[in-house]
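For reference, model_20.cif (mmCIF, C-alpha atoms):
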data_upload
loop_
_atom_site.label_atom_id
_atom_site.label_comp_id
_atom_site.auth_asym_id
_atom_site.auth_seq_id
_atom_site.Cartn_x
_atom_site.Cartn_y
_atom_site.Cartn_z
CA MET A 6 -13.82 15.76 18.29
CA TRP A 7 -11.95 14.21 15.39
CA GLN A 8 -11.36 16.35 12.31
CA LEU A 9 -10.96 14.46 9.03
CA PHE A 10 -8.93 16.22 6.34
CA GLN A 11 -10.30 14.74 3.12
CA PHE A 12 -11.69 15.48 -0.32
CA PRO A 13 -14.85 14.16 -1.98
CA LEU A 14 -13.30 12.00 -4.74
CA CYS A 15 -10.39 10.57 -2.70
CA PRO A 16 -11.10 6.82 -2.32
CA PHE A 17 -8.95 6.61 0.83
CA SER A 18 -10.93 9.46 2.43
CA ARG A 19 -14.13 7.61 1.50
CA LYS A 20 -12.83 4.41 3.07
CA VAL A 21 -12.18 6.26 6.35
CA ARG A 22 -15.56 8.02 6.25
CA LEU A 23 -17.30 4.65 5.88
CA ILE A 24 -15.32 3.20 8.82
CA LEU A 25 -16.03 6.19 11.09
CA ALA A 26 -19.73 6.12 10.21
CA GLU A 27 -20.05 2.33 10.68
CA LYS A 28 -18.25 2.50 14.02
CA GLY A 29 -20.16 5.56 15.18
CA VAL A 30 -17.11 7.79 15.68
CA ALA A 31 -18.15 11.46 15.73
CA HIS A 32 -16.08 13.62 13.39
CA GLU A 33 -16.22 16.75 11.27
CA LEU A 34 -15.02 16.99 7.69
CA VAL A 35 -12.38 19.46 6.55
CA ARG A 36 -12.05 19.82 2.79
CA GLU A 37 -8.43 19.51 1.67
CA ASN A 38 -7.17 19.51 -1.93
CA PRO A 39 -3.83 17.65 -1.74
CA TRP A 40 -2.64 19.34 -4.95
CA ASP A 41 -2.72 22.74 -3.17
CA ARG A 42 0.11 21.50 -0.91
CA ARG A 43 -1.04 23.89 1.81
CA ASP A 44 1.74 24.53 4.36
CA GLU A 45 -0.37 23.64 7.40
CA PHE A 46 -1.43 20.38 5.75
CA MET A 47 2.13 19.45 4.75
CA ASP A 48 3.09 19.98 8.40
CA LEU A 49 0.41 17.47 9.43
CA ASN A 50 1.40 14.90 6.79
CA PRO A 51 4.75 15.31 5.01
CA ALA A 52 3.47 12.91 2.31
CA GLY A 53 0.89 15.60 1.46
CA GLU A 54 -1.90 13.04 1.04
CA THR A 55 -5.44 12.68 2.38
CA PRO A 56 -6.84 11.32 4.66
CA VAL A 57 -5.46 12.75 7.90
CA LEU A 58 -7.44 12.53 11.13
CA VAL A 59 -6.69 14.92 13.98
CA GLU A 60 -7.86 15.11 17.59
CA THR A 61 -6.51 18.41 18.89
CA GLU A 62 -7.38 18.02 22.58
CA GLN A 63 -5.65 14.66 22.93
CA GLY A 64 -2.88 15.70 20.51
CA ILE A 65 -3.41 12.70 18.20
CA THR A 66 -2.68 12.76 14.45
CA LEU A 67 -3.46 9.64 12.41
CA ILE A 68 -2.26 9.43 8.80
CA GLY A 69 -3.27 7.12 5.97
CA SER A 70 -6.39 5.03 5.49
CA GLN A 71 -4.98 1.67 6.59
CA PRO A 72 -3.27 2.89 9.81
CA ILE A 73 -6.55 4.71 10.60
CA ALA A 74 -8.61 1.56 9.86
CA GLU A 75 -6.40 -0.57 12.12
CA TYR A 76 -6.49 2.12 14.85
CA PHE A 77 -10.28 2.17 15.08
CA ASP A 78 -10.55 -1.60 14.79
CA GLU A 79 -8.23 -1.85 17.79
CA THR A 80 -9.99 0.83 19.85
CA VAL A 81 -13.72 0.62 18.93
CA ASP A 82 -15.54 -2.72 19.29
CA LYS A 83 -18.61 -1.80 17.24
CA MET A 84 -18.68 -3.31 13.71
CA PRO A 85 -15.38 -5.25 13.68
CA MET A 86 -13.65 -4.71 10.35
CA ILE A 87 -10.65 -7.10 10.50
CA HIS A 88 -12.10 -10.14 12.21
CA GLY A 89 -11.83 -13.92 12.48
CA ASN A 90 -8.71 -16.00 12.99
CA ALA A 91 -5.25 -14.92 11.80
CA VAL A 92 -5.68 -16.57 8.38
CA MET A 93 -9.03 -14.84 7.82
CA ARG A 94 -7.51 -11.53 8.89
CA ALA A 95 -4.66 -12.03 6.38
CA GLU A 96 -7.24 -12.63 3.63
CA ILE A 97 -9.13 -9.44 4.58
CA ARG A 98 -5.86 -7.47 4.52
CA ARG A 99 -4.82 -9.08 1.20
CA LEU A 100 -8.00 -7.82 -0.46
CA VAL A 101 -7.70 -4.39 1.16
CA GLU A 102 -4.23 -4.16 -0.43
CA TRP A 103 -5.63 -5.42 -3.72
CA PHE A 104 -8.11 -2.52 -3.88
CA ASP A 105 -5.92 0.14 -2.23
CA GLU A 106 -2.89 -0.60 -4.38
CA LYS A 107 -3.73 -2.63 -7.50
CA LEU A 108 -7.21 -1.30 -8.31
CA PHE A 109 -6.16 2.21 -7.25
CA ARG A 110 -3.04 2.25 -9.36
CA GLU A 111 -4.47 0.56 -12.44
CA VAL A 112 -7.89 2.24 -12.54
CA VAL A 113 -8.80 4.80 -9.85
CA GLU A 114 -5.66 6.93 -10.04
CA PRO A 115 -5.51 7.25 -13.87
CA MET A 116 -9.27 8.04 -13.89
CA MET A 117 -8.78 10.70 -11.21
CA VAL A 118 -5.87 12.26 -13.10
CA GLU A 119 -7.62 12.27 -16.48
CA ARG A 120 -11.17 13.15 -15.45
CA MET A 121 -10.59 15.28 -12.35
CA ARG A 122 -7.10 16.72 -11.90
CA LYS A 123 -6.63 17.68 -15.55
CA ARG A 124 -9.97 19.45 -15.43
CA LEU A 125 -9.63 21.16 -12.04
CA VAL A 126 -5.88 21.74 -11.76
CA SER A 127 -3.93 21.69 -15.01
CA HIS A 128 -6.85 22.52 -17.40
CA GLU A 129 -5.83 19.94 -19.99
CA SER A 130 -8.00 17.53 -21.96
CA PRO A 131 -8.09 13.92 -20.77
CA ASP A 132 -5.97 11.38 -22.66
CA THR A 133 -8.59 9.10 -24.20
CA ARG A 134 -6.06 6.27 -24.67
CA ILE A 135 -5.36 6.19 -20.92
CA LEU A 136 -9.10 6.41 -20.13
CA ARG A 137 -9.93 3.49 -22.45
CA GLU A 138 -7.18 1.35 -20.92
CA ALA A 139 -8.36 2.17 -17.36
CA MET A 140 -11.92 1.23 -18.30
CA ARG A 141 -10.73 -2.04 -19.86
CA VAL A 142 -8.79 -2.93 -16.70
CA ALA A 143 -11.75 -1.85 -14.52
CA ASN A 144 -13.79 -4.51 -16.31
CA ASN A 145 -11.17 -7.17 -15.45
CA HIS A 146 -11.32 -6.09 -11.80
CA LEU A 147 -15.12 -6.43 -11.81
CA ASP A 148 -14.66 -9.96 -13.25
CA TYR A 149 -12.39 -10.82 -10.32
CA VAL A 150 -14.86 -9.41 -7.80
CA ASP A 151 -17.68 -11.36 -9.53
CA TYR A 152 -15.56 -14.48 -9.08
CA LEU A 153 -14.99 -13.79 -5.37
CA LEU A 154 -18.69 -13.10 -4.77
CA ASP A 155 -19.65 -16.28 -6.64
CA HIS A 156 -17.72 -18.21 -3.98
CA ARG A 157 -18.32 -16.15 -0.85
CA ARG A 158 -21.10 -14.23 0.86
CA TRP A 159 -18.92 -11.12 1.24
CA MET A 160 -15.65 -10.07 -0.37
CA ALA A 161 -13.25 -11.87 1.99
CA GLY A 162 -15.50 -14.68 3.30
CA PRO A 163 -18.69 -15.23 5.28
CA GLY A 164 -18.56 -11.90 7.15
CA LEU A 165 -18.79 -8.26 6.08
CA SER A 166 -15.32 -6.77 6.54
CA LEU A 167 -12.90 -3.96 5.75
CA ALA A 168 -12.40 -5.58 2.33
CA ASP A 169 -16.01 -4.73 1.42
CA PHE A 170 -15.81 -1.13 2.61
CA THR A 171 -12.46 -0.62 0.86
CA ALA A 172 -13.76 -2.07 -2.41
CA ALA A 173 -16.94 0.03 -2.18
CA ALA A 174 -14.93 3.22 -1.55
CA HIS A 175 -12.80 2.72 -4.68
CA ILE A 176 -15.68 1.50 -6.85
CA SER A 177 -17.80 4.51 -5.85
CA VAL A 178 -15.09 6.87 -7.14
CA ILE A 179 -14.75 4.99 -10.45
CA ASP A 180 -18.53 4.96 -10.78
CA TYR A 181 -18.72 8.71 -10.08
CA LEU A 182 -16.19 9.29 -12.85
CA GLY A 183 -18.37 7.23 -15.20
CA ALA A 184 -15.91 4.45 -15.91
CA LEU A 185 -17.96 1.41 -14.97
CA ASP A 186 -20.07 -0.60 -17.35
CA TRP A 187 -22.17 -2.70 -14.98
CA ARG A 188 -23.60 -5.00 -17.67
CA GLY A 189 -22.51 -8.61 -17.17
CA HIS A 190 -21.41 -8.09 -13.55
CA LYS A 191 -24.52 -9.16 -11.64
CA PRO A 192 -22.73 -10.52 -8.49
CA THR A 193 -20.78 -7.30 -7.99
CA LYS A 194 -23.79 -5.15 -8.87
CA ASP A 195 -26.00 -6.92 -6.31
CA TRP A 196 -23.27 -6.64 -3.66
CA TYR A 197 -22.75 -2.93 -4.44
CA ALA A 198 -26.49 -2.25 -4.22
CA VAL A 199 -26.41 -3.67 -0.67
CA MET A 200 -23.36 -1.57 0.23
CA LYS A 201 -24.98 1.59 -1.20
CA SER A 202 -28.09 1.06 0.91
CA ARG A 203 -26.15 1.17 4.19
CA PRO A 204 -26.79 4.39 6.17
CA ALA A 205 -23.01 5.00 6.34
CA PHE A 206 -22.90 5.23 2.55
CA ARG A 207 -25.73 7.70 1.97
CA PRO A 208 -23.91 10.97 2.85
CA LEU A 209 -21.04 10.00 0.52
CA LEU A 210 -23.36 9.36 -2.39
CA GLY A 211 -25.16 12.65 -1.82
CA GLU A 212 -22.01 14.71 -2.11
CA ARG A 213 -20.85 16.35 -5.33
CA MET A 214 -17.41 17.48 -6.47
CA GLU A 215 -17.55 20.90 -8.11
CA VAL A 216 -17.60 20.91 -11.95
CA ILE A 217 -17.60 17.09 -12.22
CA VAL A 218 -21.06 15.54 -12.60
CA PRO A 219 -21.56 11.80 -11.94
CA PRO A 220 -23.74 9.60 -14.17
CA ASN A 221 -27.47 9.41 -13.37
CA HIS A 222 -27.32 5.97 -11.75
CA TYR A 223 -24.46 6.98 -9.40
CA ASP A 224 -26.43 7.54 -6.18
CA LYS A 225 -29.29 5.12 -6.87
CA VAL A 226 -29.49 1.86 -4.95
CA ASP A 227 -31.36 0.38 -7.93
CA PHE A 228 -29.08 1.00 -10.88
CA MET B 13 7.30 -25.94 6.96
CA TRP B 14 6.59 -22.58 5.37
CA GLN B 15 7.72 -22.03 1.78
CA LEU B 16 8.43 -18.43 0.79
CA PHE B 17 8.03 -17.61 -2.91
CA GLN B 18 10.36 -14.65 -3.37
CA PHE B 19 13.16 -13.18 -5.41
CA PRO B 20 16.43 -11.66 -4.26
CA LEU B 21 15.89 -8.00 -5.23
CA CYS B 22 12.20 -7.78 -4.25
CA PRO B 23 12.02 -5.38 -1.25
CA PHE B 24 8.75 -6.92 -0.05
CA SER B 25 10.31 -10.41 -0.08
CA ARG B 26 13.23 -8.99 1.90
CA LYS B 27 10.88 -7.42 4.43
CA VAL B 28 9.23 -10.83 5.01
CA ARG B 29 12.59 -12.63 5.21
CA LEU B 30 13.72 -10.20 7.92
CA ILE B 31 10.48 -10.73 9.87
CA LEU B 32 10.65 -14.54 9.65
CA ALA B 33 14.31 -14.55 10.70
CA GLU B 34 13.77 -12.13 13.61
CA LYS B 35 10.77 -14.13 14.84
CA GLY B 36 12.53 -17.46 14.38
CA VAL B 37 9.97 -18.92 11.93
CA ALA B 38 11.50 -21.84 9.98
CA HIS B 39 11.00 -21.54 6.23
CA GLU B 40 12.53 -22.47 2.92
CA LEU B 41 13.02 -20.09 0.02
CA VAL B 42 11.57 -20.71 -3.44
CA ARG B 43 12.90 -18.45 -6.16
CA GLU B 44 10.10 -16.89 -8.19
CA ASN B 45 10.52 -14.32 -10.98
CA PRO B 46 7.13 -12.52 -11.06
CA TRP B 47 7.73 -11.44 -14.67
CA ASP B 48 7.61 -15.12 -15.77
CA ARG B 49 3.92 -15.18 -14.72
CA ARG B 50 4.20 -18.95 -14.10
CA ASP B 51 0.77 -20.62 -14.08
CA GLU B 52 1.23 -22.32 -10.70
CA PHE B 53 2.33 -19.02 -9.16
CA MET B 54 -0.59 -17.08 -10.68
CA ASP B 55 -2.90 -19.70 -9.15
CA LEU B 56 -1.37 -18.97 -5.73
CA ASN B 57 -1.59 -15.19 -6.13
CA PRO B 58 -3.75 -13.74 -8.92
CA ALA B 59 -1.88 -10.44 -8.50
CA GLY B 60 1.25 -12.29 -9.69
CA GLU B 61 3.46 -10.61 -7.10
CA THR B 62 5.99 -11.80 -4.53
CA PRO B 63 6.06 -12.54 -1.63
CA VAL B 64 3.70 -15.49 -1.11
CA LEU B 65 4.07 -17.77 1.89
CA VAL B 66 2.60 -21.28 1.79
CA GLU B 67 2.16 -23.99 4.42
CA THR B 68 0.96 -27.05 2.51
CA GLU B 69 0.12 -29.33 5.44
CA GLN B 70 -2.15 -26.78 7.12
CA GLY B 71 -3.39 -25.49 3.76
CA ILE B 72 -2.46 -21.86 4.49
CA THR B 73 -1.52 -19.32 1.81
CA LEU B 74 -0.52 -15.81 2.91
CA ILE B 75 -0.10 -13.09 0.29
CA GLY B 76 1.60 -9.72 0.46
CA SER B 77 4.22 -8.39 2.83
CA GLN B 78 1.92 -6.39 5.12
CA PRO B 79 -0.74 -9.12 5.63
CA ILE B 80 2.17 -11.52 6.32
CA ALA B 81 3.77 -9.09 8.78
CA GLU B 82 0.49 -8.61 10.65
CA TYR B 83 -0.12 -12.40 10.66
CA PHE B 84 3.17 -13.23 12.36
CA ASP B 85 2.89 -10.30 14.74
CA GLU B 86 -0.49 -11.70 15.82
CA THR B 87 0.69 -15.32 16.11
CA VAL B 88 4.36 -15.19 17.23
CA ASP B 89 5.25 -13.28 20.40
CA LYS B 90 9.02 -13.14 19.81
CA MET B 91 10.28 -9.73 18.62
CA PRO B 92 7.04 -7.70 18.49
CA MET B 93 6.99 -5.62 15.31
CA ILE B 94 3.86 -3.46 15.71
CA HIS B 95 3.91 -2.59 19.39
CA GLY B 96 2.93 0.03 21.93
CA ASN B 97 -0.44 1.76 22.30
CA ALA B 98 -2.84 2.33 19.38
CA VAL B 99 -1.29 5.73 18.51
CA MET B 100 2.22 4.25 18.44
CA ARG B 101 0.98 1.37 16.27
CA ALA B 102 -0.58 3.87 13.85
CA GLU B 103 2.77 5.69 13.62
CA ILE B 104 4.59 2.40 12.91
CA ARG B 105 2.04 1.54 10.20
CA ARG B 106 2.25 5.08 8.73
CA LEU B 107 5.98 4.70 8.21
CA VAL B 108 5.62 1.16 6.85
CA GLU B 109 3.23 2.61 4.25
CA TRP B 110 5.65 5.47 3.59
CA PHE B 111 8.42 3.04 2.64
CA ASP B 112 6.23 0.36 0.99
CA GLU B 113 4.33 2.84 -1.14
CA LYS B 114 6.03 6.21 -1.39
CA LEU B 115 9.70 5.18 -1.30
CA PHE B 116 8.92 2.08 -3.40
CA ARG B 117 7.03 3.97 -6.06
CA GLU B 118 9.33 7.00 -6.27
CA VAL B 119 12.70 5.25 -6.00
CA VAL B 120 12.81 1.45 -5.61
CA GLU B 121 10.46 0.54 -8.46
CA PRO B 122 11.99 2.82 -11.12
CA MET B 123 15.47 1.63 -10.06
CA MET B 124 14.37 -2.02 -10.33
CA VAL B 125 12.85 -1.42 -13.77
CA GLU B 126 15.82 0.50 -15.15
CA ARG B 127 18.69 -1.43 -13.57
CA MET B 128 17.25 -4.95 -13.29
CA ARG B 129 14.17 -5.69 -15.42
CA LYS B 130 15.46 -3.94 -18.54
CA ARG B 131 18.68 -5.87 -18.21
CA LEU B 132 17.25 -9.30 -17.36
CA VAL B 133 13.90 -9.27 -19.14
CA SER B 134 13.54 -6.78 -21.98
CA HIS B 135 17.26 -6.33 -22.79
CA GLU B 136 17.02 -2.55 -23.13
CA SER B 137 19.38 0.15 -21.86
CA PRO B 138 18.34 2.00 -18.72
CA ASP B 139 16.81 5.47 -19.13
CA THR B 140 19.43 7.73 -17.49
CA ARG B 141 16.89 10.52 -17.01
CA ILE B 142 14.66 8.25 -14.91
CA LEU B 143 17.67 6.94 -12.97
CA ARG B 144 18.90 10.46 -12.16
CA GLU B 145 15.44 11.50 -10.95
CA ALA B 146 15.14 8.37 -8.77
CA MET B 147 18.55 9.07 -7.22
CA ARG B 148 17.58 12.70 -6.57
CA VAL B 149 14.37 11.63 -4.82
CA ALA B 150 16.26 8.89 -2.92
CA ASN B 151 18.38 11.67 -1.44
CA ASN B 152 15.24 13.52 -0.26
CA HIS B 153 14.02 10.31 1.38
CA LEU B 154 17.33 9.92 3.20
CA ASP B 155 16.95 13.53 4.41
CA TYR B 156 13.55 12.63 5.86
CA VAL B 157 14.93 9.50 7.55
CA ASP B 158 17.83 11.60 8.93
CA TYR B 159 15.22 13.97 10.37
CA LEU B 160 13.27 11.11 11.99
CA LEU B 161 16.42 9.59 13.48
CA ASP B 162 17.54 13.00 14.79
CA HIS B 163 14.39 13.01 16.92
CA ARG B 164 13.93 9.33 17.78
CA ARG B 165 16.01 6.32 18.79
CA TRP B 166 14.43 4.16 16.05
CA MET B 167 12.38 5.00 12.96
CA ALA B 168 8.95 5.18 14.62
CA GLY B 169 9.91 5.97 18.22
CA PRO B 170 11.83 4.57 21.19
CA GLY B 171 11.49 0.91 20.10
CA LEU B 172 12.79 -1.10 17.14
CA SER B 173 9.74 -1.90 14.99
CA LEU B 174 8.41 -3.04 11.64
CA ALA B 175 9.11 0.48 10.35
CA ASP B 176 12.86 -0.16 10.74
CA PHE B 177 12.78 -3.56 9.03
CA THR B 178 10.63 -2.22 6.20
CA ALA B 179 12.92 0.77 5.64
CA ALA B 180 16.01 -1.47 5.75
CA ALA B 181 14.50 -3.88 3.20
CA HIS B 182 13.84 -1.11 0.68
CA ILE B 183 17.11 0.73 1.34
CA SER B 184 19.08 -2.51 0.87
CA VAL B 185 17.62 -2.93 -2.63
CA ILE B 186 18.38 0.68 -3.59
CA ASP B 187 21.90 0.28 -2.18
CA TYR B 188 22.40 -2.99 -4.14
CA LEU B 189 21.42 -1.16 -7.31
CA GLY B 190 24.01 1.52 -6.52
CA ALA B 191 21.65 4.45 -6.16
CA LEU B 192 22.56 5.72 -2.71
CA ASP B 193 25.10 8.41 -2.01
CA TRP B 194 25.60 8.03 1.73
CA ARG B 195 27.61 11.24 2.16
CA GLY B 196 25.84 13.76 4.39
CA HIS B 197 23.41 11.20 5.85
CA LYS B 198 25.17 10.20 9.05
CA PRO B 199 22.05 9.46 11.17
CA THR B 200 20.63 7.08 8.54
CA LYS B 201 24.05 5.56 7.85
CA ASP B 202 24.64 4.81 11.55
CA TRP B 203 21.14 3.32 11.86
CA TYR B 204 21.63 1.21 8.72
CA ALA B 205 25.00 -0.09 10.00
CA VAL B 206 23.19 -1.35 13.12
CA MET B 207 20.44 -2.97 11.02
CA LYS B 208 23.01 -4.63 8.73
CA SER B 209 24.83 -6.14 11.70
CA ARG B 210 21.73 -8.06 12.87
CA PRO B 211 22.01 -11.83 12.27
CA ALA B 212 18.68 -11.75 10.39
CA PHE B 213 20.20 -9.40 7.82
CA ARG B 214 23.40 -11.31 7.03
CA PRO B 215 21.96 -13.99 4.66
CA LEU B 216 20.22 -11.29 2.61
CA LEU B 217 23.41 -9.30 2.21
CA GLY B 218 25.34 -12.40 1.16
CA GLU B 219 22.98 -13.18 -1.70
CA ARG B 220 23.59 -12.07 -5.27
CA MET B 221 21.20 -11.57 -8.17
CA GLU B 222 22.59 -13.05 -11.39
CA VAL B 223 24.27 -10.55 -13.77
CA ILE B 224 23.73 -7.55 -11.44
CA VAL B 225 26.70 -6.75 -9.20
CA PRO B 226 26.25 -4.52 -6.13
CA PRO B 227 28.75 -1.80 -5.17
CA ASN B 228 31.71 -2.83 -2.97
CA HIS B 229 30.31 -1.33 0.24
CA TYR B 230 26.94 -3.13 -0.16
CA ASP B 231 27.42 -5.98 2.32
CA LYS B 232 29.86 -4.24 4.69
CA VAL B 233 28.68 -3.13 8.10
CA ASP B 234 31.35 -0.41 8.00
CA PHE B 235 30.66 1.47 4.81
#

Final C-alpha cells representation of the file:
Amino acid sequence: MWQLFQFPLCPFSRKVRLILAEKGVAHELVRENPWDRRDEFMDLNPAGETPVLVETEQGITLIGSQPIAEYFDETVDKMPMIHGNAVMRAEIRRLVEWFDEKLFREVVEPMMVERMRKRLVSHESPDTRILREAMRVANNHLDYVDYLLDHRRWMAGPGLSLADFTAAAHISVIDYLGALDWRGHKPTKDWYAVMKSRPAFRPLLGERMEVIVPPNHYDKVDF
Amino acid sequence: MWQLFQFPLCPFSRKVRLILAEKGVAHELVRENPWDRRDEFMDLNPAGETPVLVETEQGITLIGSQPIAEYFDETVDKMPMIHGNAVMRAEIRRLVEWFDEKLFREVVEPMMVERMRKRLVSHESPDTRILREAMRVANNHLDYVDYLLDHRRWMAGPGLSLADFTAAAHISVIDYLGALDWRGHKPTKDWYAVMKSRPAFRPLLGERMEVIVPPNHYDKVDF
C-alpha cells in the first residue's frame, strides 16, 4: 500500500490527498513536519518537503505534488485530471502552476509562516503587516477566480480538472488560517461549496492541526 | 509560426528555447521585459511572466515553461523529453521542479534581482550579503548535481531528458551572472560542457543582455 508523508496544513499534501481519493488509490497517511528535517525523511526527499509517496514492496518513491499528479493521471483511468486536447491540457497545467506557485508564494506561504510556523516552531508573534498584505493579495486572487468562473463551468474549461482540485487545496489552507473574506466573491464561493461537498474533500475538512483553530465556517458546505 | 515572448536572462525562456530547438519547432523570438508590464503582454498572460508562446493563425496561446514543455512532448515525437515508464517520468518531473523551483528561488532569482534588475530597472547597488549567500547555496546545488551524475549517465537516469535541459537553462543564467565557481565540480562541469556543445545551445550562448557582461568562460565549451 502507498504511504503518504504529509502534514495537515500543507496545500501540496492536500492536493495529493484529493487526487488519491478521487482516483480511489488506497493509501495510509504518515504525519511529517518538514521543519523537523528528520533524517529518514531527508533521505526520502533531499528537498525536505512534503508530499512524498512511498510504495515499499514495489520500491517506488514519488516526490512532489505535480509529479505525483501526473503519475496517477498516467496510470489510473478513473477521474481524469489532465484531460482534453493538448491546448486544453496546457491550460489546465497553466492554472495548476498559477495556484501552486503564484497563489502559494503570494498568499499561502506567508500565511503559513505567520499563522502556523511562528506559532508552532519559532514561538514568535505574526507580523501583521505581512498578514494584511497576504489577505489583500488573496482578495485579488479570488477576483481572478471569479473572472474565470464567470466565463467557464470549471476552473480551466467545461470539465472538472486538476486545476479545480489544486485551487481547492490551496484555498482550503488559506480559509483554515482565516484569511479569506468571502463577501463579494459569489462565483468562487459557489464553486468552492461544490468542491467541499465532494466525498474526497470531507476527511480533509474534518482534520485539525494542533493549536490552530479554523474559523467556524471552515468545514461547512453552506458558508 | 510560433512567436516566443521571452528575454535573454530568463531561465524559463531559455528552457523553452532549448526544447523548441531540440524538437525542431520553427519560431521567432519577441523580446519582452516582464518588469515593463506592457498592457498587450499582460493581456496574453495575467501573471505577467515570460515565456509565452503564441500561434496567431491557430489562435493558440501557451503560458509557462512546464505547460509548454509538456505540450510539445505530447505533440512532437522528435527528441522525447519526458520518457520512460511512469516512475521514470516522475523522476524527470521531480528534478525539473527541483531546478525550476528550488534552484530558481534559492539562487537564480536572487542573482537576477541583485545583478540584473537592480542594475537595469531600479538603479540600485547589489546587496553583497544576498549575493554571497546565493553563491554559497549555488555551490551546494552543484554538489547535489555532482552526486546525481556520479550515479547516472544523465541527470534523471540513463537517458537525456527535460531534467538536463532545465538544469542547463538555469545554470547558464547563473554562469552568465558570474556566480559559479566550477572548481571541484568535475562531474557537473563535464556534463555542462556536453550540453553547451549541442547545436540547440549555441544561439543562447551567443546572445548578450545589454549592460551586463558575462565572464570570459561563459560561452566556451572548454571552460

Since I can't run it myself right now, could you work out what the PyMOL selection byres ((chain B) within 9 of (chain A)) selects here and report it as a PDB file with C-alpha atoms, keeping the file's coordinate frame?
ATOM      1  CA  ALA B  59      -1.880 -10.440  -8.500  1.00  0.00           C
ATOM      2  CA  ILE B  72      -2.460 -21.860   4.490  1.00  0.00           C
ATOM      3  CA  THR B  73      -1.520 -19.320   1.810  1.00  0.00           C
ATOM      4  CA  LEU B  74      -0.520 -15.810   2.910  1.00  0.00           C
ATOM      5  CA  ILE B  75      -0.100 -13.090   0.290  1.00  0.00           C
ATOM      6  CA  GLY B  76       1.600  -9.720   0.460  1.00  0.00           C
ATOM      7  CA  GLN B  78       1.920  -6.390   5.120  1.00  0.00           C
ATOM      8  CA  PRO B  79      -0.740  -9.120   5.630  1.00  0.00           C
ATOM      9  CA  ILE B  80       2.170 -11.520   6.320  1.00  0.00           C
ATOM     10  CA  GLU B  82       0.490  -8.610  10.650  1.00  0.00           C
ATOM     11  CA  TYR B  83      -0.120 -12.400  10.660  1.00  0.00           C
ATOM     12  CA  PHE B  84       3.170 -13.230  12.360  1.00  0.00           C
ATOM     13  CA  GLU B  86      -0.490 -11.700  15.820  1.00  0.00           C
ATOM     14  CA  THR B  87       0.690 -15.320  16.110  1.00  0.00           C
ATOM     15  CA  ALA B  98      -2.840   2.330  19.380  1.00  0.00           C
ATOM     16  CA  VAL B  99      -1.290   5.730  18.510  1.00  0.00           C
ATOM     17  CA  ARG B 101       0.980   1.370  16.270  1.00  0.00           C
ATOM     18  CA  ALA B 102      -0.580   3.870  13.850  1.00  0.00           C
ATOM     19  CA  GLU B 103       2.770   5.690  13.620  1.00  0.00           C
ATOM     20  CA  ILE B 104       4.590   2.400  12.910  1.00  0.00           C
ATOM     21  CA  ARG B 105       2.040   1.540  10.200  1.00  0.00           C
ATOM     22  CA  ARG B 106       2.250   5.080   8.730  1.00  0.00           C
ATOM     23  CA  GLU B 109       3.230   2.610   4.250  1.00  0.00           C
ATOM     24  CA  TRP B 110       5.650   5.470   3.590  1.00  0.00           C
ATOM     25  CA  GLU B 113       4.330   2.840  -1.140  1.00  0.00           C
ATOM     26  CA  LYS B 114       6.030   6.210  -1.390  1.00  0.00           C
TER      27      LYS B 114
END

| field | Shortest interatomic distance to Phe46 (chain A) - which of A:Gln11, A:Thr61, A:Ser130, A:Ser18, counting all atoms listed in the file | value |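 Checking each of A:Gln11, A:Thr61, A:Ser130, A:Ser18 against Phe46 (chain A), counting all atoms listed in the file, the winner is A:Gln11.
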
| request: Name the residues in contact with region 165-167 of chain B at a cut-off of 9 Å, using only C-alpha atoms, excluding same-chain residues fewer than 3 positions from it; report them as number ranges by chain. | output: B: 104, 107, 157, 160-162, 170-173, 175-176, 179, 203

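CA of Val178 (chain A) is found 10.7 Å from CA of Lys20 (chain A).
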
| message | As a check of understanding, name the residues that the PyMOL selection byres ((chain A and resi 193) around 7) selects in the supplied structure, as a VMD selection string. | response | chain A and resid 147 150 to 151 154 190 to 192 194 to 197

| task | Translate the PyMOL selection byres ((chain B and resi 122-131) around 12), as applied to the file shown, into an explicit residue set as number ranges by chain. | result | B: 20-23, 45-48, 114-121, 132-150, 182-183, 185-192, 221-226

| note | As a check of understanding: the span from CA of Met93 (chain B) to CA of Leu174 (chain B) is 4.7 Å

| task | Could you please determine the separation between CA of Arg220 (chain B) and CA of Lys208 (chain B) in Å, to one decimal place? | result | 15.9 Å

Axis-aligned box for all listed atoms of region 50-69 of chain A, 5 Å per side, centre and edges in Å to one decimal, as JSON:
{"center_x": -1.6, "center_y": 12.8, "center_z": 12.0, "size_x": 22.6, "size_y": 21.3, "size_z": 31.9}

| field | B:Asn152, B:Arg43, B:Trp194, B:Phe111 ranked by distance to Ala181 (chain B), top pick (using only C-alpha atoms) | value | B:Phe111

Could you rebuild region 44-50 of chain B with N, CA and C atoms and give me the result as a JSON list (two decimals), in the coordinates of the input?
[["chain", "number", "residue", "atom", "x", "y", "z"],
["B", 44, "GLU", "N", 11.20, -17.13, -7.25],
["B", 44, "GLU", "CA", 10.10, -16.89, -8.19],
["B", 44, "GLU", "C", 10.35, -15.56, -8.90],
["B", 45, "ASN", "N", 10.43, -15.57, -10.23],
["B", 45, "ASN", "CA", 10.52, -14.32, -10.98],
["B", 45, "ASN", "C", 9.10, -13.92, -11.38],
["B", 46, "PRO", "N", 8.53, -12.87, -10.77],
["B", 46, "PRO", "CA", 7.13, -12.52, -11.06],
["B", 46, "PRO", "C", 6.89, -12.27, -12.55],
["B", 47, "TRP", "N", 7.93, -11.77, -13.26],
["B", 47, "TRP", "CA", 7.73, -11.44, -14.67],
["B", 47, "TRP", "C", 7.56, -12.70, -15.54],
["B", 48, "ASP", "N", 7.88, -13.87, -15.02],
["B", 48, "ASP", "CA", 7.61, -15.12, -15.77],
["B", 48, "ASP", "C", 6.12, -15.46, -15.80],
["B", 49, "ARG", "N", 5.37, -14.91, -14.84],
["B", 49, "ARG", "CA", 3.92, -15.18, -14.72],
["B", 49, "ARG", "C", 3.61, -16.68, -14.87],
["B", 50, "ARG", "N", 4.34, -17.50, -14.12],
["B", 50, "ARG", "CA", 4.20, -18.95, -14.10],
["B", 50, "ARG", "C", 2.78, -19.32, -13.66]]
